[in-house]
Amino acid sequence: EISLFFYIKKDFSFLRMIRMLWRLNFLTIFLCLVLNNGYSLYYITGLHTFWFFVVYGTMWVASSKNDWQGWFLSMKLMGVMMLAFFLWDIPEVFQHTFGLLVRGDFAKHETHFRTYLDHYVPIFGMLYANNYPRFSDWVDHVEKLRPSARLAIKGCTTALMLTGLGLWATFVLPVDKLTYNGLHPYYSWIPIMAYCWLRNLSPTLRGWYLGPMAFWGKLSLESYLMQHHIWLSSNAKTVLVMLPDYPELNFLLTSAIFVFVAWKIRHLTEQLCFLVLPNDTKIAVRYLN
């Protein structure tokens with residue numbers, strides 16, 4: 001989504017960047033200060049922040065050339081993929097970069113493990129996002145073809161996607177957990193691509209979506225952070241119990257509170273963002289100082 005925004009809007013302003021950093025880090029920093037927790041507990045925030053800078057930098061460098069038949073942007077994405085390879089696929093490089101941000105061998109191992117699992121996913125996301133306009137135009141073109149041609153193209157593409165999905169489900173998914181962890185970064189794009197294609201196979205499918213899932217997607221950051229303290233407790237080490245003798249009711253009650261708090265914090269974060277960082281860049285910089 002961020003990559004697509006930069007690709008279409010081409011808004012690389014300081015205000016846009018600092019507002020995104022506020023969106024990603026405000027709640028995390030607040031929780032760290034209030035609860036005396038380390039930033040690494042909410043490692044996903046730091047990871048999102050890192051990849052935001054990568055996406056921002058990739059799309060900003062020579063941004064006027066991003067539309068050059070797609071080849072220039074593809075070259076930049078290849079560079080980002082090489083960066084991800086050196087940082088995560090060579091353990092020594094990781095230890096001397098991100099490893100310096102955490103203390104202790106266990107913490108370093110855990111950080112590498114958790115960030116390694118999806119270290120190519122942001123790049124695949126950029127690839128999907130930057131090809132979305134072309135894909136959308138191609139889909140519109142296919143829908144205007146005569147029925148037989150439309151059915152042939154969709155049928156062949158669907159067969160290709162299902163074949164890839166079947167191979168993934170046969171040879172990758174069933175392996176033991178330890179082996180799968182090593183394979184996941186390189187094959188996770190297969191079910192994602194198959195889902196994206198099947199989800200948009202017809203105008204009818206593209207015209208429908210699940211409202212609750214769309215709502216929950218907007219709270220993904222807040223729900224991840226607050227699960228440590230509301231749905232669970234003690235920094236996600238125990239379960240929050242408000243009705244000890246009624247586990248089902250306890251689950252419903254804590255879940256309702258969890259969703260409500262995540263929703264309110266999302267809106268509060270946005271309101272404070274526009275209050276502290278108004279549209280006037282000079283005023284926003286003065287407030288930051």
# chains A, B, ... in the order shown; residues from 1 in each chain; ligands from 1
>>> residues_around(residues="Leu210 (chain A)", least_positions_apart="6", cutoff="12 Å", atoms="only C-alpha atoms", output="short mmCIF file (atom, residue, chain, number, x, y, z; two decimals) with N, CA, C and O atoms, in the first residue's frame")
data_model
loop_
_atom_site.label_atom_id
_atom_site.label_comp_id
_atom_site.auth_asym_id
_atom_site.auth_seq_id
_atom_site.Cartn_x
_atom_site.Cartn_y
_atom_site.Cartn_z
N ARG A 199 -9.08 -14.41 -5.88
CA ARG A 199 -9.95 -13.41 -5.24
C ARG A 199 -10.49 -12.41 -6.25
O ARG A 199 -11.57 -11.85 -6.06
N TRP A 216 -10.82 -4.88 10.58
CA TRP A 216 -9.73 -5.40 11.38
C TRP A 216 -8.38 -5.07 10.76
O TRP A 216 -7.39 -4.84 11.46
N GLY A 217 -8.33 -5.05 9.44
CA GLY A 217 -7.09 -4.71 8.77
C GLY A 217 -6.61 -3.31 9.10
O GLY A 217 -5.39 -3.06 9.15
#
>>> select_by_dssp(residues="region 27-201 of chain A", states="alpha helix (DSSP H)", output="ChimeraX atom specification")
/A:27-35,43-60,71-84,91-95,105-116,121-143,147-171,177-187,189-199
>>> residues_around(residues="Val239 (chain A)", least_positions_apart="6", cutoff="12 Å", atoms="only C-alpha atoms", output="PyMOL selection string")
chain A and resi 227-233+247+250-251+254-255
>>> select_by_dssp(residues="region 44-247 of chain A", states="strand (DSSP E)", output="VMD selection string")
chain A and resid 232 to 233 238 to 239
>>> write_last_selection(atoms="N, CA, C and O atoms", output="short mmCIF file (atom, residue, chain, number, x, y, z; two decimals), in the first residue's frame")
data_model
loop_
_atom_site.label_atom_id
_atom_site.label_comp_id
_atom_site.auth_asym_id
_atom_site.auth_seq_id
_atom_site.Cartn_x
_atom_site.Cartn_y
_atom_site.Cartn_z
N LEU A 232 -4.03 -10.54 26.19
CA LEU A 232 -3.13 -11.25 27.09
C LEU A 232 -2.72 -10.26 28.18
O LEU A 232 -3.32 -9.20 28.31
N SER A 233 -1.73 -10.61 28.96
CA SER A 233 -1.24 -9.69 29.98
C SER A 233 0.20 -10.05 30.29
O SER A 233 0.74 -11.04 29.78
N THR A 238 0.91 -14.15 29.99
CA THR A 238 -0.24 -14.77 30.65
C THR A 238 -1.51 -14.33 29.95
O THR A 238 -1.51 -13.41 29.13
N VAL A 239 -2.61 -14.99 30.31
CA VAL A 239 -3.93 -14.65 29.75
C VAL A 239 -4.65 -13.71 30.71
O VAL A 239 -4.65 -13.93 31.93
#
>>> residues_around(residues="region 15-24 of chain A", least_positions_apart="4", cutoff="7 Å", atoms="only C-alpha atoms", output="CSV table (one decimal) with all heavy atoms, in the first residue's frame")
chain,number,residue,atom,x,y,z
A,45,THR,N,7.2,-3.2,15.2
A,45,THR,CA,7.2,-1.7,14.9
A,45,THR,C,8.6,-1.3,14.3
A,45,THR,O,8.6,-0.6,13.3
A,45,THR,CB,7.0,-0.9,16.2
A,45,THR,OG1,5.7,-1.3,16.7
A,45,THR,CG2,6.9,0.6,15.9
A,49,THR,N,9.2,0.1,10.6
A,49,THR,CA,9.8,1.3,10.4
A,49,THR,C,11.0,1.2,9.4
A,49,THR,O,11.2,2.0,8.5
A,49,THR,CB,10.3,1.9,11.7
A,49,THR,OG1,9.2,2.1,12.6
A,49,THR,CG2,11.0,3.3,11.5
A,269,THR,N,-4.5,8.2,17.7
A,269,THR,CA,-3.2,8.3,17.1
A,269,THR,C,-3.3,9.3,15.9
A,269,THR,O,-2.4,10.2,15.6
A,269,THR,CB,-2.6,7.0,16.6
A,269,THR,OG1,-2.5,6.1,17.8
A,269,THR,CG2,-1.2,7.2,16.0
A,273,CYS,N,-1.8,13.0,15.6
A,273,CYS,CA,-0.9,13.2,14.4
A,273,CYS,C,-1.2,14.5,13.7
A,273,CYS,O,-0.2,15.4,13.5
A,273,CYS,CB,-0.9,12.1,13.5
A,273,CYS,SG,0.1,12.2,12.0
A,281,THR,N,4.1,22.7,6.9
A,281,THR,CA,5.4,22.0,7.3
A,281,THR,C,6.2,22.8,8.3
A,281,THR,O,6.8,22.2,9.2
A,281,THR,CB,6.2,21.7,6.0
A,281,THR,OG1,5.5,21.0,5.1
A,281,THR,CG2,7.5,20.9,6.4
>>> closest_residue(among="A:Leu87, A:Leu101, A:Ala256, A:Ala62", to="Tyr43 (chain A)", atoms="only C-alpha atoms")
A:Leu101
>>> closest_atom_pairs(of="region 173-275 of chain A", to="region 144-164 of chain A", cutoff="9 Å", atoms="only C-alpha atoms", output="Markdown table")
| residue | atom | partner | partner_atom | distance |
| --- | --- | --- | --- | --- |
| A:Ile190 | CA | A:Gly164 | CA | 6.7 |
| A:Pro191 | CA | A:Gly164 | CA | 8.1 |
| A:Met193 | CA | A:Met161 | CA | 7.7 |
| A:Ala194 | CA | A:Met161 | CA | 5.2 |
| A:Tyr195 | CA | A:Met161 | CA | 8.8 |
| A:Trp197 | CA | A:Thr158 | CA | 7.6 |
| A:Leu198 | CA | A:Thr158 | CA | 7.3 |
| A:Leu201 | CA | A:Lys154 | CA | 7.5 |
>>> residues_around(residues="Tyr116 (chain A)", least_positions_apart="5", cutoff="10 Å", atoms="only C-alpha atoms", output="number ranges by chain")
A: 84-85, 87-89, 94, 110-111, 181-182, 184-185
>>> closest_residue(among="A:Lys108, A:His48, A:Lys10, A:Lys218", to="Val61 (chain A)", atoms="only C-alpha atoms")
A:Lys10
>>> closest_residue(among="A:Asn131, A:Asn279, A:Thr179, A:Ser188", to="Asp67 (chain A)", atoms="only C-alpha atoms")
A:Asn131
>>> atom_distance(atom1="CA of Met126 (chain A)", atom2="CA of Ala214 (chain A)")
20.5 Å
>>> atom_distance(atom1="CA of Gly57 (chain A)", atom2="CA of Lys76 (chain A)")
10.0 Å
>>> residues_around(residues="Pro122 (chain A)", least_positions_apart="5", cutoff="10 Å", atoms="only C-alpha atoms", output="PyMOL selection string")
chain A and resi 3+48+51-52+54-55+80-81+84+127-128
